[in-house]
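Shown here: upload-v9.pdb, PDB, C-alpha atoms.
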```pdb
MODEL        1
ATOM      1  CA  MET A   1      46.204 -34.191  34.289
ATOM      2  CA  ALA A   2      47.470 -30.945  32.732
ATOM      3  CA  THR A   3      43.989 -29.473  32.991
ATOM      4  CA  ARG A   4      43.732 -30.219  36.690
ATOM      5  CA  HIS A   5      47.193 -28.774  37.312
ATOM      6  CA  ALA A   6      46.289 -25.661  35.340
ATOM      7  CA  LEU A   7      43.095 -25.125  37.319
ATOM      8  CA  PHE A   8      44.932 -25.512  40.624
ATOM      9  CA  ALA A   9      47.599 -23.071  39.459
ATOM     10  CA  VAL A  10      45.259 -20.331  38.246
ATOM     11  CA  LEU A  11      43.059 -20.642  41.321
ATOM     12  CA  GLU A  12      46.071 -20.446  43.609
ATOM     13  CA  LEU A  13      47.496 -17.418  41.808
ATOM     14  CA  ALA A  14      44.136 -15.677  41.297
ATOM     15  CA  ALA A  15      43.382 -15.961  45.020
ATOM     16  CA  GLN A  16      46.197 -13.470  45.691
ATOM     17  CA  PRO A  17      46.849 -11.637  42.423
ATOM     18  CA  GLU A  18      49.611  -9.457  43.896
ATOM     19  CA  ARG A  19      51.568 -12.448  45.131
ATOM     20  CA  GLN A  20      54.061 -14.347  42.999
ATOM     21  CA  MET A  21      54.629 -18.045  43.524
ATOM     22  CA  SER A  22      57.056 -20.519  42.039
ATOM     23  CA  ALA A  23      55.947 -23.697  40.327
ATOM     24  CA  ALA A  24      57.593 -25.611  43.172
ATOM     25  CA  GLU A  25      55.529 -23.819  45.844
ATOM     26  CA  ILE A  26      52.286 -24.535  44.031
ATOM     27  CA  ALA A  27      53.340 -28.129  43.318
ATOM     28  CA  VAL A  28      54.032 -28.784  47.002
ATOM     29  CA  LYS A  29      50.631 -27.475  48.073
ATOM     30  CA  TYR A  30      48.749 -29.714  45.649
ATOM     31  CA  GLY A  31      51.144 -32.683  45.717
ATOM     32  CA  ILE A  32      51.826 -32.610  41.993
ATOM     33  CA  SER A  33      54.927 -32.832  39.822
ATOM     34  CA  PRO A  34      56.786 -29.482  39.711
ATOM     35  CA  ASN A  35      58.232 -30.287  36.291
ATOM     36  CA  HIS A  36      54.835 -30.987  34.835
ATOM     37  CA  LEU A  37      53.391 -27.922  36.504
ATOM     38  CA  ALA A  38      56.193 -25.757  35.099
ATOM     39  CA  LYS A  39      55.186 -26.799  31.575
ATOM     40  CA  VAL A  40      51.550 -26.060  32.347
ATOM     41  CA  LEU A  41      52.467 -22.629  33.708
ATOM     42  CA  ARG A  42      54.441 -21.829  30.553
ATOM     43  CA  THR A  43      51.371 -22.707  28.498
ATOM     44  CA  LEU A  44      49.178 -20.530  30.715
ATOM     45  CA  GLY A  45      51.731 -17.756  30.299
ATOM     46  CA  ARG A  46      51.549 -17.971  26.502
ATOM     47  CA  GLU A  47      47.773 -17.679  26.769
ATOM     48  CA  GLY A  48      48.066 -14.585  28.971
ATOM     49  CA  PHE A  49      46.521 -15.997  32.145
ATOM     50  CA  VAL A  50      49.733 -15.866  34.178
ATOM     51  CA  GLU A  51      52.959 -13.931  33.830
ATOM     52  CA  ALA A  52      56.473 -14.990  34.766
ATOM     53  CA  VAL A  53      58.344 -12.745  37.177
ATOM     54  CA  ARG A  54      62.093 -13.046  36.708
ATOM     55  CA  GLY A  55      64.883 -12.576  39.231
ATOM     56  CA  VAL A  56      65.337 -13.455  42.875
ATOM     57  CA  GLY A  57      62.034 -14.453  44.402
ATOM     58  CA  GLY A  58      60.607 -14.732  40.935
ATOM     59  CA  GLY A  59      57.760 -16.976  40.021
ATOM     60  CA  TYR A  60      54.358 -16.608  38.473
ATOM     61  CA  ARG A  61      51.603 -14.096  39.010
ATOM     62  CA  PHE A  62      47.980 -14.134  37.858
ATOM     63  CA  ALA A  63      47.565 -11.889  34.840
ATOM     64  CA  GLY A  64      43.917 -12.371  33.951
ATOM     65  CA  ASN A  65      40.623 -11.029  35.222
ATOM     66  CA  ALA A  66      39.138 -13.481  37.734
ATOM     67  CA  LYS A  67      35.607 -12.222  37.139
ATOM     68  CA  ARG A  68      35.943 -12.478  33.363
ATOM     69  CA  THR A  69      37.787 -15.804  33.154
ATOM     70  CA  ASN A  70      35.710 -18.948  33.428
ATOM     71  CA  LEU A  71      36.688 -22.579  33.885
ATOM     72  CA  LEU A  72      36.074 -23.379  30.228
ATOM     73  CA  ASP A  73      38.582 -20.687  29.200
ATOM     74  CA  ILE A  74      41.288 -22.609  31.066
ATOM     75  CA  ILE A  75      40.176 -26.157  30.292
ATOM     76  CA  ARG A  76      39.921 -25.673  26.525
ATOM     77  CA  ILE A  77      43.632 -24.746  26.398
ATOM     78  CA  PHE A  78      44.547 -28.257  27.468
ATOM     79  CA  GLU A  79      41.795 -30.481  26.116
ATOM     80  CA  PRO A  80      38.869 -30.421  23.712
ATOM     81  CA  VAL A  81      35.584 -29.798  25.498
ATOM     82  CA  GLY A  82      32.360 -31.279  24.212
ATOM     83  CA  SER A  83      31.702 -32.464  20.659
ATOM     84  CA  LEU A  84      34.620 -34.958  20.561
ATOM     85  CA  GLU A  85      32.384 -37.982  20.932
ATOM     86  CA  ALA A  86      29.834 -36.428  18.640
ATOM     87  CA  ASP A  87      32.535 -35.852  16.011
ATOM     88  CA  GLU A  88      33.531 -39.489  16.168
ATOM     89  CA  LEU A  89      29.959 -40.380  15.266
ATOM     90  CA  ALA A  90      29.662 -37.762  12.556
ATOM     91  CA  ASP A  91      29.912 -40.315   9.751
ATOM     92  CA  ASP A  92      27.324 -42.583  11.322
ATOM     93  CA  ASN A  93      24.017 -41.620   9.730
ATOM     94  CA  THR A  94      22.034 -44.588  10.976
ATOM     95  CA  SER A  95      19.005 -43.780  13.123
ATOM     96  CA  GLU A  96      20.857 -45.222  16.087
ATOM     97  CA  GLY A  97      23.888 -43.055  15.371
ATOM     98  CA  LEU A  98      21.787 -39.927  15.066
ATOM     99  CA  ALA A  99      19.945 -40.707  18.296
ATOM    100  CA  LEU A 100      23.190 -41.379  20.131
ATOM    101  CA  ARG A 101      24.694 -38.150  18.816
ATOM    102  CA  ARG A 102      21.685 -36.248  20.124
ATOM    103  CA  VAL A 103      22.078 -37.688  23.621
ATOM    104  CA  LEU A 104      25.815 -36.979  23.655
ATOM    105  CA  LYS A 105      25.168 -33.421  22.487
ATOM    106  CA  GLU A 106      22.827 -32.931  25.445
ATOM    107  CA  ILE A 107      25.610 -33.998  27.804
ATOM    108  CA  ASP A 108      28.174 -31.813  26.041
ATOM    109  CA  ASP A 109      25.896 -28.773  26.072
ATOM    110  CA  THR A 110      25.303 -29.155  29.793
ATOM    111  CA  ALA A 111      29.019 -29.548  30.508
ATOM    112  CA  ARG A 112      29.908 -26.488  28.450
ATOM    113  CA  ALA A 113      27.169 -24.396  30.076
ATOM    114  CA  THR A 114      28.365 -25.375  33.542
ATOM    115  CA  LEU A 115      32.040 -24.712  32.897
ATOM    116  CA  SER A 116      31.463 -21.449  31.063
ATOM    117  CA  SER A 117      29.184 -20.067  33.780
ATOM    118  CA  ILE A 118      31.662 -20.500  36.635
ATOM    119  CA  SER A 119      34.261 -17.739  36.781
ATOM    120  CA  LEU A 120      37.503 -18.035  38.721
ATOM    121  CA  ASP A 121      36.065 -15.475  41.138
ATOM    122  CA  THR A 122      33.017 -17.673  41.716
ATOM    123  CA  MET A 123      35.275 -20.712  42.150
ATOM    124  CA  LEU A 124      37.320 -18.867  44.774
ATOM    125  CA  LYS A 125      34.099 -18.081  46.671
ATOM    126  CA  LEU A 126      33.187 -21.764  46.459
ATOM    127  CA  VAL A 127      36.645 -22.735  47.723
ATOM    128  CA  SER A 128      36.228 -20.395  50.707
ATOM    129  CA  ARG A 129      32.996 -22.167  51.641
ATOM    130  CA  MET A 130      34.589 -25.610  51.640
ATOM    131  CA  PRO A 131      35.555 -27.147  54.983
ATOM    132  CA  ARG A 132      39.189 -26.205  55.672
ATOM    133  CA  LYS A 133      40.282 -29.825  55.924
ATOM    134  CA  ALA A 134      38.809 -30.741  52.561
ATOM    135  CA  ALA A 135      40.228 -27.616  50.947
ATOM    136  CA  ALA A 136      43.698 -28.492  52.180
ATOM    137  CA  SER A 137      43.639 -32.184  51.276
TER     138      SER A 137
ATOM    139  CA  MET Y   1      17.989 -25.553  37.217
ATOM    140  CA  ASN Y   2      20.067 -23.698  39.793
ATOM    141  CA  SER Y   3      19.404 -23.781  43.505
ATOM    142  CA  MET Y   4      21.000 -22.709  46.750
ATOM    143  CA  ILE Y   5      20.503 -22.840  50.478
ATOM    144  CA  LEU Y   6      19.828 -19.427  51.949
ATOM    145  CA  ALA Y   7      22.529 -18.211  54.272
ATOM    146  CA  ASN Y   8      22.365 -15.243  56.606
ATOM    147  CA  SER Y   9      22.260 -11.840  54.941
ATOM    148  CA  ARG Y  10      25.678 -10.882  53.638
ATOM    149  CA  PRO Y  11      27.097  -7.552  54.708
ATOM    150  CA  MET Y  12      26.792  -5.221  51.718
ATOM    151  CA  PRO Y  13      28.077  -1.695  51.281
ATOM    152  CA  GLU Y  14      25.307   0.869  51.541
ATOM    153  CA  PRO Y  15      23.900   1.053  48.012
ATOM    154  CA  GLU Y  16      23.179   4.367  46.393
ATOM    155  CA  PHE Y  17      19.941   2.962  45.110
ATOM    156  CA  MET Y  18      16.704   1.750  46.632
ATOM    157  CA  ILE Y  19      15.110  -1.688  46.438
ATOM    158  CA  ARG Y  20      11.354  -1.573  46.984
ATOM    159  CA  PRO Y  21       8.157  -3.368  45.955
ATOM    160  CA  ALA Y  22       6.982  -2.475  42.450
ATOM    161  CA  THR Y  23       4.113  -0.071  41.988
ATOM    162  CA  GLU Y  24       1.804   0.333  39.016
ATOM    163  CA  LYS Y  25       3.914   3.285  37.859
ATOM    164  CA  ASP Y  26       6.925   0.979  37.445
ATOM    165  CA  VAL Y  27       5.254  -1.350  34.971
ATOM    166  CA  ASP Y  28       5.971   0.769  31.887
ATOM    167  CA  LYS Y  29       9.639   0.907  32.875
ATOM    168  CA  VAL Y  30       9.679  -2.857  33.385
ATOM    169  CA  ILE Y  31       8.210  -3.291  29.907
ATOM    170  CA  GLN Y  32      10.742  -0.864  28.447
ATOM    171  CA  LEU Y  33      13.750  -2.574  30.072
ATOM    172  CA  ASP Y  34      12.562  -6.063  29.153
ATOM    173  CA  THR Y  35      12.001  -4.971  25.538
ATOM    174  CA  GLN Y  36      15.495  -3.500  25.458
ATOM    175  CA  LEU Y  37      17.047  -6.708  26.806
ATOM    176  CA  THR Y  38      15.013  -9.345  24.960
ATOM    177  CA  GLY Y  39      13.962  -7.553  21.797
ATOM    178  CA  MET Y  40      10.396  -8.718  22.489
ATOM    179  CA  HIS Y  41       7.680  -6.237  23.400
ATOM    180  CA  LYS Y  42       5.129  -7.942  25.646
ATOM    181  CA  PRO Y  43       3.238  -5.339  27.662
ATOM    182  CA  GLU Y  44       0.273  -7.566  28.481
ATOM    183  CA  TYR Y  45       2.536 -10.208  29.987
ATOM    184  CA  TRP Y  46       4.153  -7.731  32.365
ATOM    185  CA  ARG Y  47       0.846  -6.119  33.331
ATOM    186  CA  GLU Y  48      -0.485  -9.556  34.194
ATOM    187  CA  LYS Y  49       2.641 -10.258  36.221
ATOM    188  CA  PHE Y  50       2.185  -7.034  38.147
ATOM    189  CA  GLU Y  51      -1.434  -7.951  38.918
ATOM    190  CA  ALA Y  52      -0.358 -11.429  40.056
ATOM    191  CA  TYR Y  53       2.821 -10.516  41.932
ATOM    192  CA  GLY Y  54       2.943  -6.778  42.479
ATOM    193  CA  ARG Y  55      -0.319  -6.543  44.366
ATOM    194  CA  ARG Y  56       0.474  -9.380  46.767
ATOM    195  CA  SER Y  57       3.189  -9.531  49.338
ATOM    196  CA  ASP Y  58       2.665 -12.826  51.139
ATOM    197  CA  GLU Y  59       4.516 -15.275  48.941
ATOM    198  CA  HIS Y  60       4.811 -13.290  45.712
ATOM    199  CA  PHE Y  61       7.527 -10.668  45.308
ATOM    200  CA  PHE Y  62       7.945  -8.105  42.547
ATOM    201  CA  LEU Y  63      10.803  -5.786  43.500
ATOM    202  CA  VAL Y  64      12.442  -2.926  41.651
ATOM    203  CA  ALA Y  65      15.706  -1.017  42.007
ATOM    204  CA  THR Y  66      15.627   2.747  41.523
ATOM    205  CA  ARG Y  67      17.967   5.678  41.969
ATOM    206  CA  GLY Y  68      16.056   8.936  42.053
ATOM    207  CA  ASN Y  69      13.943   8.865  38.921
ATOM    208  CA  ASP Y  70      16.129   6.255  37.239
ATOM    209  CA  PHE Y  71      14.811   2.733  36.916
ATOM    210  CA  LEU Y  72      17.711   0.294  37.354
ATOM    211  CA  GLY Y  73      16.185  -3.169  37.331
ATOM    212  CA  PHE Y  74      13.694  -5.617  38.744
ATOM    213  CA  ILE Y  75      13.291  -9.149  40.077
ATOM    214  CA  ILE Y  76      10.257 -11.383  40.527
ATOM    215  CA  GLY Y  77       9.978 -14.433  42.736
ATOM    216  CA  GLU Y  78       7.399 -16.557  44.461
ATOM    217  CA  VAL Y  79       7.112 -19.438  46.897
ATOM    218  CA  ARG Y  80       6.299 -22.681  45.104
ATOM    219  CA  ALA Y  81       5.481 -25.963  46.778
ATOM    220  CA  TRP Y  82       5.158 -29.646  46.025
ATOM    221  CA  GLU Y  83       5.919 -29.623  42.322
ATOM    222  CA  PHE Y  84       7.069 -33.227  41.791
ATOM    223  CA  GLY Y  85       7.469 -33.626  45.516
ATOM    224  CA  SER Y  86       9.551 -30.506  46.089
ATOM    225  CA  PRO Y  87       8.948 -28.921  49.519
ATOM    226  CA  PRO Y  88       8.269 -25.166  49.510
ATOM    227  CA  CYS Y  89      11.053 -23.232  47.843
ATOM    228  CA  GLY Y  90      11.596 -19.741  46.539
ATOM    229  CA  TRP Y  91      11.463 -19.442  42.763
ATOM    230  CA  ILE Y  92      13.113 -16.569  40.952
ATOM    231  CA  PHE Y  93      11.844 -16.414  37.411
ATOM    232  CA  THR Y  94      12.991 -12.999  36.247
ATOM    233  CA  ILE Y  95      15.859 -10.664  36.946
ATOM    234  CA  ALA Y  96      16.863  -7.744  34.763
ATOM    235  CA  VAL Y  97      19.294  -4.874  35.221
ATOM    236  CA  ASP Y  98      19.741  -1.894  32.917
ATOM    237  CA  PRO Y  99      23.012  -2.618  31.011
ATOM    238  CA  ALA Y 100      24.170   0.952  31.708
ATOM    239  CA  GLN Y 101      23.835   0.344  35.460
ATOM    240  CA  ARG Y 102      25.601  -3.011  35.738
ATOM    241  CA  LEU Y 103      28.667  -3.809  37.871
ATOM    242  CA  GLU Y 104      27.323  -1.589  40.669
ATOM    243  CA  GLY Y 105      25.751  -4.372  42.696
ATOM    244  CA  VAL Y 106      22.177  -3.722  41.556
ATOM    245  CA  GLY Y 107      21.587  -7.369  40.584
ATOM    246  CA  SER Y 108      23.144  -8.654  43.803
ATOM    247  CA  SER Y 109      21.009  -6.248  45.871
ATOM    248  CA  LEU Y 110      17.829  -7.332  44.090
ATOM    249  CA  PHE Y 111      18.829 -10.962  44.635
ATOM    250  CA  ASP Y 112      19.549 -10.374  48.330
ATOM    251  CA  ALA Y 113      16.280  -8.498  48.769
ATOM    252  CA  VAL Y 114      14.156 -11.277  47.298
ATOM    253  CA  CYS Y 115      16.125 -13.814  49.380
ATOM    254  CA  ASP Y 116      15.201 -11.792  52.479
ATOM    255  CA  ARG Y 117      11.522 -12.028  51.487
ATOM    256  CA  PHE Y 118      11.853 -15.791  51.006
ATOM    257  CA  ARG Y 119      13.568 -16.118  54.360
ATOM    258  CA  LYS Y 120      10.698 -14.244  56.043
ATOM    259  CA  ALA Y 121       8.280 -16.599  54.269
ATOM    260  CA  LYS Y 122      10.132 -19.467  56.023
ATOM    261  CA  VAL Y 123      11.700 -20.721  52.831
ATOM    262  CA  THR Y 124      15.308 -21.856  53.021
ATOM    263  CA  LYS Y 125      15.995 -22.970  49.479
ATOM    264  CA  ILE Y 126      15.719 -20.958  46.295
ATOM    265  CA  ARG Y 127      15.665 -22.075  42.696
ATOM    266  CA  THR Y 128      15.598 -20.645  39.243
ATOM    267  CA  MET Y 129      15.623 -21.925  35.678
ATOM    268  CA  LEU Y 130      17.231 -20.315  32.685
ATOM    269  CA  ALA Y 131      18.570 -21.047  29.243
ATOM    270  CA  ARG Y 132      21.871 -22.937  29.192
ATOM    271  CA  THR Y 133      23.073 -20.480  26.593
ATOM    272  CA  ASP Y 134      22.356 -17.449  28.777
ATOM    273  CA  GLN Y 135      25.913 -17.253  30.079
ATOM    274  CA  LEU Y 136      25.523 -13.753  31.513
ATOM    275  CA  VAL Y 137      22.606 -14.563  33.813
ATOM    276  CA  MET Y 138      23.894 -18.073  34.538
ATOM    277  CA  SER Y 139      27.228 -16.597  35.660
ATOM    278  CA  PHE Y 140      25.374 -14.067  37.802
ATOM    279  CA  PHE Y 141      23.429 -16.742  39.671
ATOM    280  CA  ARG Y 142      26.580 -18.824  40.040
ATOM    281  CA  SER Y 143      28.379 -15.816  41.517
ATOM    282  CA  GLN Y 144      25.607 -15.572  44.121
ATOM    283  CA  GLY Y 145      26.349 -19.132  45.203
ATOM    284  CA  MET Y 146      23.774 -21.088  43.218
ATOM    285  CA  MET Y 147      24.662 -24.569  41.992
ATOM    286  CA  ALA Y 148      22.841 -27.144  39.874
ATOM    287  CA  GLY Y 149      19.942 -28.628  41.810
ATOM    288  CA  PRO Y 150      18.386 -32.092  41.857
ATOM    289  CA  PHE Y 151      15.726 -31.342  39.206
ATOM    290  CA  THR Y 152      16.168 -31.439  35.444
ATOM    291  CA  GLU Y 153      14.136 -29.515  32.916
ATOM    292  CA  LEU Y 154      12.758 -31.640  30.052
ATOM    293  CA  GLU Y 155      10.771 -30.668  27.001
ATOM    294  CA  MET Y 156       9.377 -32.030  23.732
ATOM    295  CA  GLU Y 157       7.477 -30.949  20.671
ATOM    296  CA  VAL Y 158       3.825 -31.986  20.463
ATOM    297  CA  ASP Y 159       1.911 -32.357  17.226
ATOM    298  CA  ALA Y 160      -0.259 -29.348  16.390
TER     299      ALA Y 160
ENDMDL
END
```

Transcribe the structure of this file into structure tokens.
Amino acid sequence: MATRHALFAVLELAAQPERQMSAAEIAVKYGISPNHLAKVLRTLGREGFVEAVRGVGGGYRFAGNAKRTNLLDIIRIFEPVGSLEADELADDNTSEGLALRRVLKEIDDTARATLSSISLDTMLKLVSRMPRKAAAS
Amino acid sequence: MNSMILANSRPMPEPEFMIRPATEKDVDKVIQLDTQLTGMHKPEYWREKFEAYGRRSDEHFFLVATRGNDFLGFIIGEVRAWEFGSPPCGWIFTIAVDPAQRLEGVGSSLFDAVCDRFRKAKVTKIRTMLARTDQLVMSFFRSQGMMAGPFTELEMEVDA
């Protein structure tokens, strides 16, 4: 859940880097909990992807580089990516365990390659190609 | 494997470089750039590729980017058909840009130019295949709009 909120938030803020938005504004657009989103934004702030703007009309602003930040950079802040299942099998040295670990590694490698190859800039291009209705729902 | 549907040509700012078909004089520069990027010197491979792709213009495209006497990069593609039932599609199997000339749109211009050739060859889908670990080139193709396609690359070791 936090990961999805974080991705929505960085995409929303990166789309207009000069604009600042409150957690409440972002939460309304995506129909998510503003309290939960506020926590996620604080975490993103600690990681340097967004910055808090204080004062009247304050909020959050994108502080990263949309061409240099990929989806994996954001996701790995909130959850482990890949190797978790493989780690759980690490003590299983049966032939079946080794074979299963190999298959899971193939899935993990593909997931990591996909997420690390899609920058926020590329995602924003993809968003712009989506039908307006779907993008808004 | 990445693939995309060809859209209309995107408006691009006028580049300060030229995209043109490769000539025999470009081959040494291709070899030099590839050696710089891969650490593997394979002159015979590139000379064979020029013979196979550089001397034909129907469904085989070997394009280079140059600015004056500077060699900026190259791309090679071809039309492939009916591999495991796949209708004709444009295959890009090499793209390289001089690291000192990146972030100027050279790669995008090479990509657009080969897409134009595919479009003229009546091909509306393009594909490529690259190492999962090659994040730089994977990100480049993604930024051009390519997504994972319906084919999966498989491999195995065979006994010598």

Near chain Y, 12 Å: chain A residue rows, closest pairs, all atoms listed in the file, as CSV:
```
residue,atom,partner,partner_atom,distance
A:Ala66,CA,Y:Ser143,CA,11.6
A:Lys67,CA,Y:Ser143,CA,9.2
A:Arg68,CA,Y:Ser139,CA,9.9
A:Thr69,CA,Y:Ser139,CA,10.9
A:Asn70,CA,Y:Ser139,CA,9.1
A:Leu71,CA,Y:Ser139,CA,11.3
A:Leu72,CA,Y:Gln135,CA,11.9
A:Glu106,CA,Y:Arg132,CA,10.7
A:Ile107,CA,Y:Arg132,CA,11.8
A:Asp108,CA,Y:Arg132,CA,11.3
A:Asp109,CA,Y:Arg132,CA,7.7
A:Thr110,CA,Y:Arg132,CA,7.1
A:Ala111,CA,Y:Arg132,CA,9.8
A:Arg112,CA,Y:Arg132,CA,8.8
A:Ala113,CA,Y:Arg132,CA,5.6
A:Thr114,CA,Y:Arg132,CA,8.2
A:Leu115,CA,Y:Ser139,CA,9.8
A:Ser116,CA,Y:Gln135,CA,7.0
A:Ser117,CA,Y:Ser139,CA,4.4
A:Ile118,CA,Y:Ser139,CA,6.0
A:Ser119,CA,Y:Ser139,CA,7.2
A:Leu120,CA,Y:Ser143,CA,9.8
A:Asp121,CA,Y:Ser143,CA,7.7
A:Thr122,CA,Y:Ser143,CA,5.0
A:Met123,CA,Y:Ser143,CA,8.5
A:Leu124,CA,Y:Ser143,CA,10.0
A:Lys125,CA,Y:Gly145,CA,8.0
A:Leu126,CA,Y:Gly145,CA,7.4
A:Val127,CA,Y:Gly145,CA,11.2
A:Ser128,CA,Y:Gly145,CA,11.4
A:Arg129,CA,Y:Gly145,CA,9.7
```

Evaluated on this file, the PyMOL selection byres ((chain A and resi 43-48) around 10) picks out some residues - which ones are they, written as a PDB file with C-alpha atoms, keeping the file's coordinate frame?
```pdb
ATOM      1  CA  ALA A   6      46.289 -25.661  35.340  1.00  0.00           C
ATOM      2  CA  ALA A   9      47.599 -23.071  39.459  1.00  0.00           C
ATOM      3  CA  VAL A  10      45.259 -20.331  38.246  1.00  0.00           C
ATOM      4  CA  LEU A  37      53.391 -27.922  36.504  1.00  0.00           C
ATOM      5  CA  ALA A  38      56.193 -25.757  35.099  1.00  0.00           C
ATOM      6  CA  LYS A  39      55.186 -26.799  31.575  1.00  0.00           C
ATOM      7  CA  VAL A  40      51.550 -26.060  32.347  1.00  0.00           C
ATOM      8  CA  LEU A  41      52.467 -22.629  33.708  1.00  0.00           C
ATOM      9  CA  ARG A  42      54.441 -21.829  30.553  1.00  0.00           C
ATOM     10  CA  PHE A  49      46.521 -15.997  32.145  1.00  0.00           C
ATOM     11  CA  VAL A  50      49.733 -15.866  34.178  1.00  0.00           C
ATOM     12  CA  GLU A  51      52.959 -13.931  33.830  1.00  0.00           C
ATOM     13  CA  ALA A  52      56.473 -14.990  34.766  1.00  0.00           C
ATOM     14  CA  TYR A  60      54.358 -16.608  38.473  1.00  0.00           C
ATOM     15  CA  ARG A  61      51.603 -14.096  39.010  1.00  0.00           C
ATOM     16  CA  PHE A  62      47.980 -14.134  37.858  1.00  0.00           C
ATOM     17  CA  ALA A  63      47.565 -11.889  34.840  1.00  0.00           C
ATOM     18  CA  GLY A  64      43.917 -12.371  33.951  1.00  0.00           C
ATOM     19  CA  ASP A  73      38.582 -20.687  29.200  1.00  0.00           C
ATOM     20  CA  ILE A  74      41.288 -22.609  31.066  1.00  0.00           C
ATOM     21  CA  ILE A  77      43.632 -24.746  26.398  1.00  0.00           C
ATOM     22  CA  PHE A  78      44.547 -28.257  27.468  1.00  0.00           C
TER      23      PHE A  78
END
```

Q: One decimal, Å: what's the distance from atom CA of Pro87 of chain Y over to atom CA of Thr124 of chain Y, could you say?
A: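 Going from atom CA of Pro87 of chain Y over to atom CA of Thr124 of chain Y covers 10.1 Å.
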
Q | Picked residues, the PyMOL selection byres ((chain Y and resi 29-44) around 9), expected as a ChimeraX atom specification | A | /Y:25-28,45-49,64,71-74,96-99

Q. From the list A:Met130, A:Val81, A:Leu104, A:Ile75, which residue is nearest Thr3 of chain A when using only C-alpha atoms?
A. A:Ile75

(Q) Please list as a count of residues only every residue within 6 Å of segment 50-63 of chain Y, counting all atoms listed in the file and excluding residues in the same chain fewer than 2 positions away. (A) 11
